[in-house]
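Okay, target19.txt is below, compact mmCIF, C-alpha atoms:
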# COMPACT_ATOMS: atom_id res chain seq x y z
CA MET A 13 0.00 0.00 0.00
CA ASN A 14 2.81 2.33 0.99
CA LYS A 15 4.74 1.44 -2.15
CA LYS A 16 1.72 2.31 -4.32
CA LYS A 17 1.34 5.66 -2.59
CA LYS A 18 5.01 6.45 -3.20
CA LYS A 19 4.73 5.56 -6.89
CA ILE A 20 1.74 7.83 -7.39
CA SER A 21 3.38 10.77 -5.66
CA LEU A 22 6.53 10.35 -7.80
CA GLY A 23 4.37 10.31 -10.92
CA TYR A 24 2.63 13.47 -9.80
CA MET A 25 5.99 15.07 -9.07
CA ILE A 26 7.25 14.35 -12.59
CA LEU A 27 3.99 15.60 -14.09
CA LEU A 28 4.19 18.74 -11.97
CA PHE A 29 7.79 19.30 -13.01
CA VAL A 30 6.92 18.92 -16.70
CA ILE A 31 4.00 21.36 -16.35
CA ILE A 32 6.18 23.92 -14.52
CA PHE A 33 8.88 23.49 -17.16
CA ILE A 34 6.41 24.13 -20.00
CA ILE A 35 4.91 27.14 -18.21
CA LEU A 36 8.39 28.61 -17.72
CA ILE A 37 9.27 28.09 -21.36
CA VAL A 38 6.09 30.01 -22.26
CA PHE A 39 7.01 32.75 -19.75
CA LEU A 40 10.51 33.00 -21.18
CA ALA A 41 9.25 33.19 -24.75
CA TYR A 42 6.83 35.89 -23.61
CA SER A 43 9.68 37.76 -21.85
CA PHE A 44 11.62 38.09 -25.09
CA LYS A 45 8.67 39.08 -27.23
CA SER A 46 9.83 42.45 -28.54
CA GLU A 47 6.45 44.20 -28.08
CA LYS A 48 6.14 43.08 -24.44
CA LYS A 49 5.48 45.96 -22.08
CA LEU A 50 6.40 46.08 -18.40
CA ASN A 51 3.46 46.02 -16.01
CA THR A 52 3.09 48.60 -13.22
CA PHE A 53 4.68 46.34 -10.59
CA GLU A 54 7.69 45.57 -12.79
CA SER A 55 8.05 49.25 -13.74
CA ILE A 56 8.00 50.40 -10.10
CA ILE A 57 10.53 47.76 -8.98
CA LYS A 58 12.83 48.36 -11.91
CA ASP A 59 12.73 52.16 -11.72
CA SER A 60 13.28 52.21 -7.95
CA VAL A 61 16.18 49.75 -8.02
CA LEU A 62 17.79 51.62 -10.89
CA GLU A 63 17.47 54.92 -9.01
CA ILE A 64 19.19 53.33 -5.97
CA GLN A 65 21.84 51.84 -8.23
CA LYS A 66 22.47 55.21 -9.85
CA ILE A 67 23.33 56.63 -6.42
CA VAL A 68 25.51 53.64 -5.52
CA TYR A 69 27.26 53.82 -8.88
CA ILE A 70 28.37 57.45 -8.45
CA PRO A 71 31.68 56.74 -6.63
CA PHE A 72 32.41 53.76 -8.87
CA MET A 73 31.62 55.71 -12.03
CA GLY A 74 33.79 58.55 -10.72
CA LEU A 75 36.70 56.19 -10.22
CA ASP A 76 36.17 54.64 -13.62
CA ASN A 77 35.98 58.07 -15.29
CA MET A 78 39.16 59.20 -13.53
CA ILE A 79 41.08 56.23 -14.88
CA ASN A 80 39.64 56.75 -18.37
CA ASP A 81 40.35 60.51 -18.28
CA TYR A 82 43.96 59.88 -17.34
CA ASN A 83 44.34 57.47 -20.25
CA ARG A 84 42.68 59.90 -22.65
CA LEU A 85 44.84 62.84 -21.54
CA ARG A 86 47.91 61.11 -22.85
CA ASP A 87 46.45 61.12 -26.37
CA VAL A 88 45.11 64.68 -26.24
CA LEU A 89 48.33 66.40 -27.35
CA LYS A 90 48.56 64.30 -30.48
CA GLU A 91 44.88 64.83 -31.28
CA ASN A 92 45.21 68.57 -30.71
CA LYS A 93 47.85 68.90 -33.40
CA ILE A 94 45.71 67.02 -35.89
CA LEU A 95 42.62 69.07 -34.98
CA LYS A 96 44.49 72.37 -35.48
CA SER A 97 45.34 71.36 -39.00
CA ASN A 98 41.73 70.35 -39.59
CA VAL A 99 40.27 73.70 -38.48
CA ASP A 100 41.38 75.30 -41.72
CA LYS A 101 39.34 72.79 -43.66
CA ILE A 102 36.01 73.53 -41.89
CA GLU A 103 34.67 76.03 -44.40
CA SER A 104 35.26 73.77 -47.35
CA THR A 105 33.74 70.86 -45.41
CA GLN A 106 30.59 72.89 -44.71
CA ALA A 107 30.13 73.56 -48.41
CA GLU A 108 30.73 69.92 -49.13
CA ASN A 109 28.15 68.96 -46.49
CA GLU A 110 25.47 71.06 -48.13
CA GLU A 111 26.17 69.39 -51.43
CA LEU A 112 26.07 65.95 -49.84
CA ARG A 113 22.75 66.76 -48.12
CA GLN A 114 21.19 67.44 -51.50
CA GLU A 115 22.73 64.28 -52.86
CA ILE A 116 21.34 62.20 -49.95
CA LYS A 117 17.88 63.56 -50.65
CA LYS A 118 18.08 62.48 -54.28
CA LEU A 119 19.57 59.08 -53.46
CA LYS A 120 16.94 58.47 -50.79
CA GLU A 121 14.21 58.95 -53.37
CA GLU A 122 16.07 56.83 -55.89
CA LEU A 123 16.81 53.91 -53.52
CA LYS A 124 13.40 54.11 -51.82
CA ILE A 125 15.06 54.25 -48.40
CA GLU A 126 12.51 55.13 -45.76
CA HIS A 127 14.68 56.72 -43.12
CA VAL A 128 18.14 58.22 -42.96
CA LEU A 129 19.96 59.53 -39.90
CA SER A 130 18.84 63.13 -40.57
CA ASP A 131 15.20 62.04 -39.98
CA TYR A 132 16.00 61.37 -36.33
CA ASP A 133 16.40 63.32 -33.12
CA TYR A 134 19.12 62.25 -30.73
CA LEU A 135 18.47 61.45 -27.08
CA ASN A 136 21.55 60.79 -24.97
CA ALA A 137 21.35 58.27 -22.13
CA THR A 138 23.64 56.75 -19.53
CA VAL A 139 23.95 53.03 -18.93
CA VAL A 140 22.81 52.46 -15.36
CA ASN A 141 22.69 48.73 -15.15
CA ARG A 142 24.34 45.74 -16.70
CA ASN A 143 24.24 42.15 -15.69
CA SER A 144 27.48 40.31 -15.16
CA ILE A 145 25.77 36.96 -15.72
CA SER A 146 26.26 37.40 -19.49
CA TRP A 147 23.47 35.31 -20.99
CA TYR A 148 20.90 37.90 -21.99
CA ASN A 149 22.90 40.62 -23.82
CA VAL A 150 20.80 43.34 -22.25
CA LEU A 151 21.71 46.61 -20.54
CA SER A 152 19.52 49.24 -18.88
CA ILE A 153 19.64 52.96 -19.57
CA ASP A 154 18.25 55.94 -17.66
CA LYS A 155 15.69 57.15 -20.22
CA GLY A 156 12.14 55.83 -20.40
CA SER A 157 8.70 56.62 -21.76
CA ASN A 158 8.72 59.96 -19.90
CA ASN A 159 11.55 61.03 -22.21
CA GLY A 160 9.67 59.85 -25.28
CA VAL A 161 11.36 56.47 -25.59
CA GLU A 162 9.30 53.76 -27.26
CA GLU A 163 9.76 50.04 -27.92
CA GLY A 164 12.09 49.18 -30.79
CA MET A 165 13.96 52.48 -31.08
CA VAL A 166 17.48 52.24 -32.42
CA VAL A 167 20.35 52.77 -29.98
CA ILE A 168 23.82 53.81 -31.14
CA ASN A 169 27.06 55.08 -29.63
CA SER A 170 30.03 56.85 -31.12
CA SER A 171 31.35 53.60 -32.60
CA GLY A 172 28.17 52.45 -34.31
CA VAL A 173 24.91 50.65 -33.80
CA ILE A 174 24.38 49.00 -30.40
CA GLY A 175 20.85 47.62 -30.34
CA LYS A 176 17.15 48.33 -29.88
CA THR A 177 15.08 49.54 -26.94
CA THR A 178 12.85 47.06 -25.16
CA ASN A 179 10.96 46.78 -21.81
CA VAL A 180 10.33 50.52 -21.63
CA SER A 181 9.21 51.81 -18.21
CA ALA A 182 8.60 55.41 -17.12
CA PHE A 183 12.18 56.30 -16.23
CA SER A 184 14.28 53.56 -17.78
CA CYS A 185 14.41 51.01 -20.56
CA ASP A 186 16.47 48.04 -21.66
CA VAL A 187 18.66 47.87 -24.72
CA ARG A 188 18.85 44.48 -26.38
CA LEU A 189 22.24 44.35 -28.08
CA ILE A 190 22.52 43.44 -31.74
CA THR A 191 24.74 40.53 -30.76
CA THR A 192 21.53 38.72 -29.81
CA THR A 193 20.57 36.45 -32.66
CA ASP A 194 16.81 36.38 -32.21
CA THR A 195 14.70 36.71 -35.32
CA ASN A 196 13.44 40.17 -34.38
CA ASN A 197 16.93 41.58 -34.63
CA LYS A 198 17.78 40.93 -38.28
CA ILE A 199 19.45 43.98 -39.72
CA SER A 200 19.70 44.87 -43.38
CA VAL A 201 23.18 46.16 -44.20
CA SER A 202 25.04 47.75 -47.09
CA ILE A 203 28.61 46.91 -47.95
CA VAL A 204 30.40 49.73 -49.73
CA SER A 205 32.79 48.06 -52.14
CA GLY A 206 34.43 50.65 -54.40
CA ASP A 207 31.60 52.43 -56.23
CA LYS A 208 29.20 49.55 -55.61
CA ARG A 209 26.73 49.29 -52.77
CA LEU A 210 25.77 45.68 -51.97
CA THR A 211 22.88 44.82 -49.68
CA GLY A 212 22.76 41.84 -47.32
CA VAL A 213 21.38 40.79 -43.95
CA ILE A 214 23.17 40.16 -40.67
CA ASN A 215 22.33 36.55 -40.00
CA ARG A 216 23.95 36.02 -36.63
CA TYR A 217 26.72 36.95 -34.26
CA ASP A 218 29.43 34.33 -34.00
CA TYR A 219 30.38 34.05 -30.33
CA LYS A 220 33.51 32.06 -31.12
CA THR A 221 35.11 34.65 -33.37
CA GLY A 222 33.26 37.82 -32.33
CA PHE A 223 32.17 38.52 -35.93
CA PHE A 224 28.78 39.29 -37.45
CA GLU A 225 27.87 37.00 -40.33
CA VAL A 226 26.35 38.79 -43.31
CA GLU A 227 24.44 36.73 -45.86
CA GLY A 228 22.46 37.41 -49.01
CA ILE A 229 25.28 38.65 -51.22
CA SER A 230 25.82 36.81 -54.47
CA ASN A 231 29.09 35.01 -55.07
CA THR A 232 29.59 37.00 -58.26
CA ASP A 233 29.66 40.32 -56.40
CA LYS A 234 33.07 41.63 -55.47
CA VAL A 235 33.72 42.29 -51.80
CA SER A 236 37.14 42.92 -50.28
CA VAL A 237 38.50 42.59 -46.76
CA GLY A 238 38.39 46.03 -45.14
CA ASP A 239 35.20 47.20 -46.92
CA VAL A 240 32.96 49.24 -44.65
CA VAL A 241 29.54 47.92 -43.58
CA TYR A 242 26.64 50.29 -42.80
CA THR A 243 22.96 49.85 -42.06
CA SER A 244 21.06 50.02 -45.34
CA GLY A 245 17.83 51.60 -44.08
CA LEU A 246 15.78 48.87 -45.74
CA GLY A 247 13.30 47.20 -43.43
CA GLY A 248 12.28 50.45 -41.78
CA VAL A 249 13.73 49.82 -38.30
CA PHE A 250 17.37 50.87 -38.54
CA PRO A 251 18.03 54.11 -40.47
CA SER A 252 20.66 54.01 -43.19
CA GLY A 253 24.23 55.09 -42.71
CA ILE A 254 25.04 53.81 -39.22
CA LEU A 255 28.39 52.10 -39.06
CA ILE A 256 28.31 48.39 -38.26
CA GLY A 257 31.93 47.42 -38.87
CA LYS A 258 34.47 46.28 -41.43
CA VAL A 259 34.70 43.13 -43.54
CA SER A 260 37.23 40.74 -42.01
CA ASP A 261 36.78 37.49 -43.85
CA ILE A 262 34.89 36.23 -46.90
CA THR A 263 33.80 32.65 -47.51
CA THR A 264 31.11 31.03 -49.63
CA ASP A 265 28.11 28.92 -48.64
CA ASN A 266 27.88 25.15 -49.19
CA TYR A 267 26.43 25.56 -52.72
CA ASP A 268 28.96 28.23 -53.83
CA LEU A 269 26.06 30.54 -54.66
CA ALA A 270 26.32 33.23 -52.00
CA LYS A 271 29.02 34.83 -49.95
CA ILE A 272 29.24 34.57 -46.16
CA ILE A 273 30.92 37.73 -45.01
CA LYS A 274 32.38 38.06 -41.54
CA VAL A 275 32.27 41.58 -40.19
CA THR A 276 34.23 42.89 -37.22
CA PRO A 277 31.85 45.12 -35.22
CA SER A 278 32.96 48.72 -34.84
CA ALA A 279 31.25 48.98 -31.45
CA ILE A 280 32.91 47.46 -28.41
CA PHE A 281 30.04 45.78 -26.59
CA ASP A 282 31.98 45.20 -23.38
CA ASP A 283 32.45 48.82 -22.45
CA ILE A 284 29.29 50.81 -23.11
CA ASN A 285 28.68 53.67 -20.68
CA TYR A 286 26.85 56.27 -22.77
CA VAL A 287 24.47 55.68 -25.66
CA THR A 288 22.25 57.69 -28.00
CA ILE A 289 18.66 56.78 -28.78
CA LEU A 290 17.38 57.70 -32.23
CA LYS A 291 13.88 59.18 -32.09
CA ARG A 292 12.00 59.57 -35.33
CA LYS A 293 11.20 63.27 -35.93
CA ASP A 294 7.76 62.52 -37.38
CA LYS A 295 6.74 60.66 -34.17
CA MET B 3 19.73 37.55 11.66
CA ILE B 4 16.98 38.33 9.16
CA ILE B 5 18.14 41.97 8.94
CA LEU B 6 21.75 40.89 8.38
CA SER B 7 20.57 38.48 5.68
CA ILE B 8 18.59 41.17 3.87
CA ILE B 9 21.42 43.72 4.07
CA SER B 10 23.96 41.23 2.74
CA LEU B 11 21.58 40.17 -0.02
CA ILE B 12 20.92 43.77 -1.09
CA PHE B 13 24.68 44.35 -1.18
CA SER B 14 25.19 41.24 -3.33
CA PHE B 15 22.30 42.27 -5.56
CA LEU B 16 23.80 45.70 -6.21
CA LEU B 17 27.27 44.18 -6.64
CA GLN B 18 25.88 42.11 -9.51
CA GLY B 19 25.50 45.32 -11.53
CA ILE B 20 28.34 47.40 -10.06
CA ILE B 21 31.00 44.84 -10.93
CA THR B 22 30.24 45.35 -14.65
CA ASN B 23 31.76 48.83 -14.44
CA PHE B 24 35.11 47.17 -14.02
CA ILE B 25 34.82 43.90 -15.92
CA SER B 26 33.43 43.06 -19.35
CA PHE B 27 29.88 41.78 -19.36
CA ASN B 28 29.69 40.41 -22.85
CA VAL B 29 29.51 36.70 -23.61
CA ASN B 30 32.31 37.03 -26.11
CA SER B 31 34.89 38.28 -23.64
CA LEU B 32 34.13 36.80 -20.28
CA SER B 33 35.78 37.91 -17.10
CA ILE B 34 36.93 35.67 -14.29
CA PHE B 35 35.57 38.20 -11.79
CA SER B 36 31.88 37.55 -12.47
CA SER B 37 29.54 35.32 -10.52
CA VAL B 38 25.90 35.00 -9.45
CA PHE B 39 26.53 36.95 -6.25
CA VAL B 40 22.96 36.87 -4.91
CA LEU B 41 22.72 33.12 -5.30
CA VAL B 42 26.09 32.58 -3.65
CA ASN B 43 25.02 34.77 -0.74
CA LEU B 44 21.76 32.84 -0.37
CA VAL B 45 23.67 29.56 -0.27
CA VAL B 46 25.96 30.92 2.47
CA LEU B 47 22.92 32.02 4.51
CA GLN B 48 21.22 28.61 4.28
CA GLU B 49 22.72 27.42 7.59
CA TYR B 50 21.25 30.36 9.51
CA PHE B 51 17.64 29.58 8.57
CA GLU B 52 15.78 26.79 10.33
CA SER B 53 12.53 28.00 8.85
CA ASP B 54 12.30 26.77 5.26
CA LYS B 55 9.29 28.96 4.61
CA LYS B 56 11.06 32.22 5.42
CA PHE B 57 14.15 31.20 3.50
CA ILE B 58 12.16 30.19 0.42
CA ILE B 59 10.50 33.61 0.50
CA LEU B 60 13.96 35.25 0.45
CA PHE B 61 14.99 33.01 -2.47
CA LEU B 62 11.84 33.86 -4.41
CA VAL B 63 11.93 37.61 -3.71
CA PHE B 64 15.55 37.98 -4.81
CA GLY B 65 14.93 35.64 -7.76
CA LEU B 66 12.09 37.92 -8.80
CA PHE B 67 14.30 41.01 -8.42
CA MET B 68 16.96 39.35 -10.57
CA ASP B 69 14.29 38.67 -13.19
CA ILE B 70 12.95 42.21 -13.26
CA VAL B 71 16.09 44.28 -12.84
CA TYR B 72 18.87 42.34 -14.51
CA ASN B 73 17.46 39.70 -16.82
CA SER B 74 14.18 41.22 -18.05
CA THR B 75 12.55 37.83 -17.76
CA VAL B 76 9.42 36.56 -16.02
CA LEU B 77 9.83 34.15 -13.09
CA ILE B 78 12.80 32.30 -14.62
CA SER B 79 15.38 33.20 -11.97
CA CYS B 80 12.65 32.66 -9.38
CA PHE B 81 12.26 29.07 -10.56
CA ILE B 82 16.00 28.46 -10.79
CA PHE B 83 16.54 29.85 -7.28
CA PHE B 84 13.74 27.63 -6.02
CA ALA B 85 15.37 24.58 -7.62
CA VAL B 86 18.73 25.55 -6.17
CA PHE B 87 17.19 25.79 -2.70
CA TYR B 88 16.05 22.16 -2.81
CA ILE B 89 19.32 20.92 -4.33
CA ASN B 90 21.24 22.60 -1.52
CA LYS B 91 18.86 21.23 1.05
CA GLY B 92 19.56 17.75 -0.28
CA LEU B 93 23.30 18.32 -0.27
CA ASN B 94 23.16 19.79 3.21
CA PHE B 95 21.46 16.61 4.41
CA PHE B 96 24.50 14.52 3.47
CA LEU B 97 27.32 16.98 4.07
CA PRO B 98 28.20 19.12 7.08
CA TYR B 99 28.24 22.93 6.85
CA ASN B 100 31.80 24.28 6.78
CA LEU B 101 33.94 26.48 4.55
CA LEU B 102 34.81 23.63 2.21
CA THR B 103 31.28 22.29 1.76
CA VAL B 104 29.68 25.72 1.48
CA ASN B 105 32.08 26.41 -1.41
CA LEU B 106 30.95 23.15 -2.98
CA PHE B 107 27.27 24.14 -2.52
CA SER B 108 27.93 27.54 -4.14
CA VAL B 109 29.74 26.04 -7.11
CA VAL B 110 26.95 23.46 -7.61
CA SER B 111 24.32 26.24 -7.37
CA MET B 112 26.18 28.40 -9.88
CA ILE B 113 26.47 25.47 -12.31
CA VAL B 114 22.75 24.66 -11.93
CA TYR B 115 21.84 28.33 -12.50
CA HIS B 116 23.85 28.59 -15.71
CA PHE B 117 22.84 25.16 -16.96
CA ILE B 118 19.10 25.79 -16.57
CA THR B 119 19.40 29.29 -18.08
CA PHE B 120 21.33 27.84 -21.02
CA LEU B 121 18.75 25.08 -21.44
CA PHE B 122 15.84 27.54 -21.46
CA LEU B 123 17.53 29.90 -23.91
CA ILE B 124 18.38 27.05 -26.27
CA ILE B 125 14.81 25.70 -26.14
CA ILE B 126 13.18 29.01 -27.04
CA ARG B 127 16.00 29.74 -29.51
CA TYR B 128 16.72 33.16 -27.98
CA ASP B 129 20.27 32.87 -29.14
CA VAL B 130 22.58 30.36 -30.79
CA PHE B 131 25.03 29.78 -27.96
CA PRO B 132 27.54 27.03 -28.66
CA PHE B 133 27.55 24.36 -25.93
CA VAL B 134 31.18 25.11 -25.14
CA TYR B 135 30.08 28.54 -23.88
CA LEU B 136 28.22 26.99 -21.02
CA PHE B 137 31.50 25.49 -19.81
CA LYS B 138 33.34 28.71 -20.54
CA ILE B 139 30.89 30.77 -18.45
CA ILE B 140 30.93 28.23 -15.63
CA GLY B 141 34.74 28.14 -15.76
CA CYS B 142 34.97 31.93 -15.64
CA ASN B 143 32.51 32.14 -12.74
CA LEU B 144 34.32 29.52 -10.70
CA LEU B 145 37.08 31.67 -9.20
CA MET B 146 34.83 34.55 -8.14
CA THR B 147 32.23 32.14 -6.75
CA VAL B 148 34.82 30.53 -4.47
CA ILE B 149 36.30 33.90 -3.43
CA TYR B 150 32.90 35.49 -2.74
CA THR B 151 31.63 32.41 -0.89
CA SER B 152 34.71 32.37 1.34
CA ILE B 153 34.47 36.10 2.06
CA MET B 154 30.72 36.01 2.81
CA TYR B 155 31.04 32.82 4.87
CA SER B 156 33.79 34.31 7.07
CA LEU B 157 32.13 37.72 7.33
CA ILE B 158 28.67 36.42 8.22
CA LYS B 159 30.13 33.91 10.67
CA TYR B 160 32.12 36.69 12.35
CA ILE B 161 29.12 39.05 12.61
CA VAL B 162 26.84 36.28 13.91
CA LYS B 163 29.42 35.38 16.56
CA LYS B 164 30.16 38.96 17.57
CA PHE B 165 26.54 40.07 17.94
CA GLU B 166 25.34 36.65 19.08
CA LEU B 167 22.65 36.55 16.43
CA ARG B 168 20.18 33.70 16.57
CA VAL B 169 19.15 31.34 13.80
CA VAL B 170 15.88 32.30 12.07
CA ARG B 171 13.14 29.92 13.20
Produce structure tokens that represent the structure in this file.
Amino acid sequence: MNKKKKKISLGYMILLFVIIFIILIVFLAYSFKSEKKLNTFESIIKDSVLEIQKIVYIPFMGLDNMINDYNRLRDVLKENKILKSNVDKIESTQAENEELRQEIKKLKEELKIEHVLSDYDYLNATVVNRNSISWYNVLSIDKGSNNGVEEGMVVINSSGVIGKTTNVSAFSCDVRLITTTDTNNKISVSIVSGDKRLTGVINRYDYKTGFFEVEGISNTDKVSVGDVVYTSGLGGVFPSGILIGKVSDITTDNYDLAKIIKVTPSAIFDDINYVTILKRKDK
Amino acid sequence: MIILSIISLIFSFLLQGIITNFISFNVNSLSIFSSVFVLVNLVVLQEYFESDKKFIILFLVFGLFMDIVYNSTVLISCFIFFAVFYINKGLNFFLPYNLLTVNLFSVVSMIVYHFITFLFLIIIRYDVFPFVYLFKIIGCNLLMTVIYTSIMYSLIKYIVKKFELRVVR
């Protein structure tokens, strides 16, 4: 009798475990749904903890900045000399800029690109929270819906594109880095090879090598190592002209039909302290 | 004891984020100075709780905080913390509580945490992590887990002794 009772309870335990496992899988899938919004409870917890963390971070950030400033100071003299020589060129650059602006307008119409960088306002934000556990490729910044941030806005820094906003609460939001290979993060890119502009898609981020893999470029197209890769603006999410990186290696697929291009990211994803959110002007 | 536990857990929770100002936090360039600090701290505190109910609540609350603040997930860390609690309880049944065994409990908990997270992420295809990365992350977390466990174990033991704090019943 006792044995039978034990058997049944073990069966129930396994069943319960399987049910919990399935429920958690559903929860996790729901967590990473890009349109998911934080509920009031989550928003309050997240915003309050981040505010506390901001205060705690101050001495640490100060220390970090001091070290960085000292390192930067050593390069300032060299940069100053270069900048002085560049000052003379400003006027000619301004004239060139005006010409380029007109050219962009024409090209935009010709290529049917929906958005370029000039269609966006810039909103600067500070990274207030990162997780050292490493699995999720997410960081939190100190701007939220109160600052006009919405789900899916593009986030860049001085080196290039970083990711997209997600889990927006009133005073903060998360940035899902483009190193995440989920299907919602496919980015259309342009490779500038000489006079040609080739368009492909970032398929995934290779964790072993630290390269992005770009696919969708025919084997007959010519691409060279060192060519620059930008966002193409196709797809409507990422505006055109944001630097992604440089071509590092070129191979072909199993059928020798298309190229697989490995791109070294221009952004350093390990050390992101300040970012810029791109807000569409027409929103 | 409960106040000491909460203070130490809040410290560990904040440390989880603060440490990323000094080490890299990207999967591609892992640092040996990262660990699941909250979980390690909870494991160290296990001996000071006779009441399972109160301790489970601590596990769940900090699991939930981890979910909301750091991972942007729903109840996943909560579940993993819950599983870790029972695994440790089982281990504690067979092994005595001392510096050596508490380090073993922490390492086992850290491995379970990363393994379950990895499993979940692979199942929902959030990312294409190669299997070797699981070992790489566990390997990188090992040193800091042992260091943090030893520090917290000694510190909590010292405070409990000095202030003659009682076990939570």
Original post:
Residues at most 8 Å from Phe39 of chain A, counting all atoms listed in the file, excluding those fewer than 6 positions away in the same chain, as a ChimeraX atom specification?
Top reply: /B:75-78
Original post:
Please, what distance in Å, to one decimal, runs between atom CA of Thr105 of chain A and atom CA of Tyr242 of chain A?
Top reply: 21.9 Å
**OP:** Please determine the contact residues of chain A with respect to chain B at a cut-off of 8 Å, counting only C-alpha atoms, and supply them as an MDAnalysis selection string.
**Re:** chainID A and resid 36:37 39:41 43:44 54 57:58 61:62 65 69 72:73 76 141:151 179 192:194 219:220 222 281:283
Please save C-alpha atoms of the selected residues as a PDB file, in the frame of the given file.
ATOM      1  CA  LEU A  36       8.390  28.610 -17.720  1.00  0.00           C
ATOM      2  CA  ILE A  37       9.270  28.090 -21.360  1.00  0.00           C
ATOM      3  CA  PHE A  39       7.010  32.750 -19.750  1.00  0.00           C
ATOM      4  CA  LEU A  40      10.510  33.000 -21.180  1.00  0.00           C
ATOM      5  CA  ALA A  41       9.250  33.190 -24.750  1.00  0.00           C
ATOM      6  CA  SER A  43       9.680  37.760 -21.850  1.00  0.00           C
ATOM      7  CA  PHE A  44      11.620  38.090 -25.090  1.00  0.00           C
ATOM      8  CA  GLU A  54       7.690  45.570 -12.790  1.00  0.00           C
ATOM      9  CA  ILE A  57      10.530  47.760  -8.980  1.00  0.00           C
ATOM     10  CA  LYS A  58      12.830  48.360 -11.910  1.00  0.00           C
ATOM     11  CA  VAL A  61      16.180  49.750  -8.020  1.00  0.00           C
ATOM     12  CA  LEU A  62      17.790  51.620 -10.890  1.00  0.00           C
ATOM     13  CA  GLN A  65      21.840  51.840  -8.230  1.00  0.00           C
ATOM     14  CA  TYR A  69      27.260  53.820  -8.880  1.00  0.00           C
ATOM     15  CA  PHE A  72      32.410  53.760  -8.870  1.00  0.00           C
ATOM     16  CA  MET A  73      31.620  55.710 -12.030  1.00  0.00           C
ATOM     17  CA  ASP A  76      36.170  54.640 -13.620  1.00  0.00           C
ATOM     18  CA  ASN A 141      22.690  48.730 -15.150  1.00  0.00           C
ATOM     19  CA  ARG A 142      24.340  45.740 -16.700  1.00  0.00           C
ATOM     20  CA  ASN A 143      24.240  42.150 -15.690  1.00  0.00           C
ATOM     21  CA  SER A 144      27.480  40.310 -15.160  1.00  0.00           C
ATOM     22  CA  ILE A 145      25.770  36.960 -15.720  1.00  0.00           C
ATOM     23  CA  SER A 146      26.260  37.400 -19.490  1.00  0.00           C
ATOM     24  CA  TRP A 147      23.470  35.310 -20.990  1.00  0.00           C
ATOM     25  CA  TYR A 148      20.900  37.900 -21.990  1.00  0.00           C
ATOM     26  CA  ASN A 149      22.900  40.620 -23.820  1.00  0.00           C
ATOM     27  CA  VAL A 150      20.800  43.340 -22.250  1.00  0.00           C
ATOM     28  CA  LEU A 151      21.710  46.610 -20.540  1.00  0.00           C
ATOM     29  CA  ASN A 179      10.960  46.780 -21.810  1.00  0.00           C
ATOM     30  CA  THR A 192      21.530  38.720 -29.810  1.00  0.00           C
ATOM     31  CA  THR A 193      20.570  36.450 -32.660  1.00  0.00           C
ATOM     32  CA  ASP A 194      16.810  36.380 -32.210  1.00  0.00           C
ATOM     33  CA  TYR A 219      30.380  34.050 -30.330  1.00  0.00           C
ATOM     34  CA  LYS A 220      33.510  32.060 -31.120  1.00  0.00           C
ATOM     35  CA  GLY A 222      33.260  37.820 -32.330  1.00  0.00           C
ATOM     36  CA  PHE A 281      30.040  45.780 -26.590  1.00  0.00           C
ATOM     37  CA  ASP A 282      31.980  45.200 -23.380  1.00  0.00           C
ATOM     38  CA  ASP A 283      32.450  48.820 -22.450  1.00  0.00           C
TER      39      ASP A 283
END
Using all atoms listed in the file, which protein or nucleic acid residues come within 8 Å of segment 58-60 of chain B? Drop anything in the same chain fewer than 4 positions from it, and give the result as a PDB file with C-alpha atoms, in the coordinates of the input.
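Result saved to around06.pdb:
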ATOM      1  CA  ASP B  54      12.300  26.770   5.260  1.00  0.00           C
ATOM      2  CA  PHE B  64      15.550  37.980  -4.810  1.00  0.00           C
ATOM      3  CA  PHE B  84      13.740  27.630  -6.020  1.00  0.00           C
ATOM      4  CA  PHE B  87      17.190  25.790  -2.700  1.00  0.00           C
TER       5      PHE B  87
END
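You can rank B:Ile12, B:Ile124, B:Val104, B:Val63 by their closest distance to Tyr150 of chain B using only C-alpha atoms, and at the top of that list sits B:Val104.
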Original post:
Quick one: residues within 12 Å of Glu52 of chain B, only C-alpha atoms counted, chain neighbours fewer than 4 positions away excluded, as a PyMOL selection string?
Top reply: chain B and resi 3-4+47-48+56-58+91+168-171
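Atom to atom, atom CA of Gly257 of chain A and atom CA of Ser278 of chain A stand 4.4 Å apart.
Atom pair atom CA of Asn77 of chain A / atom CA of Val140 of chain A: separated by 14.3 Å.
With all atoms listed in the file as the basis for measurement, B:Val109 is the residue among B:Val109, B:Val86, B:Val114, B:Leu102 that approaches Leu145 of chain B most closely.
Distance check against Ser170 of chain A using all atoms listed in the file: of A:Gln106, A:Thr288, A:Leu269, A:Leu246, the minimum falls on A:Thr288.
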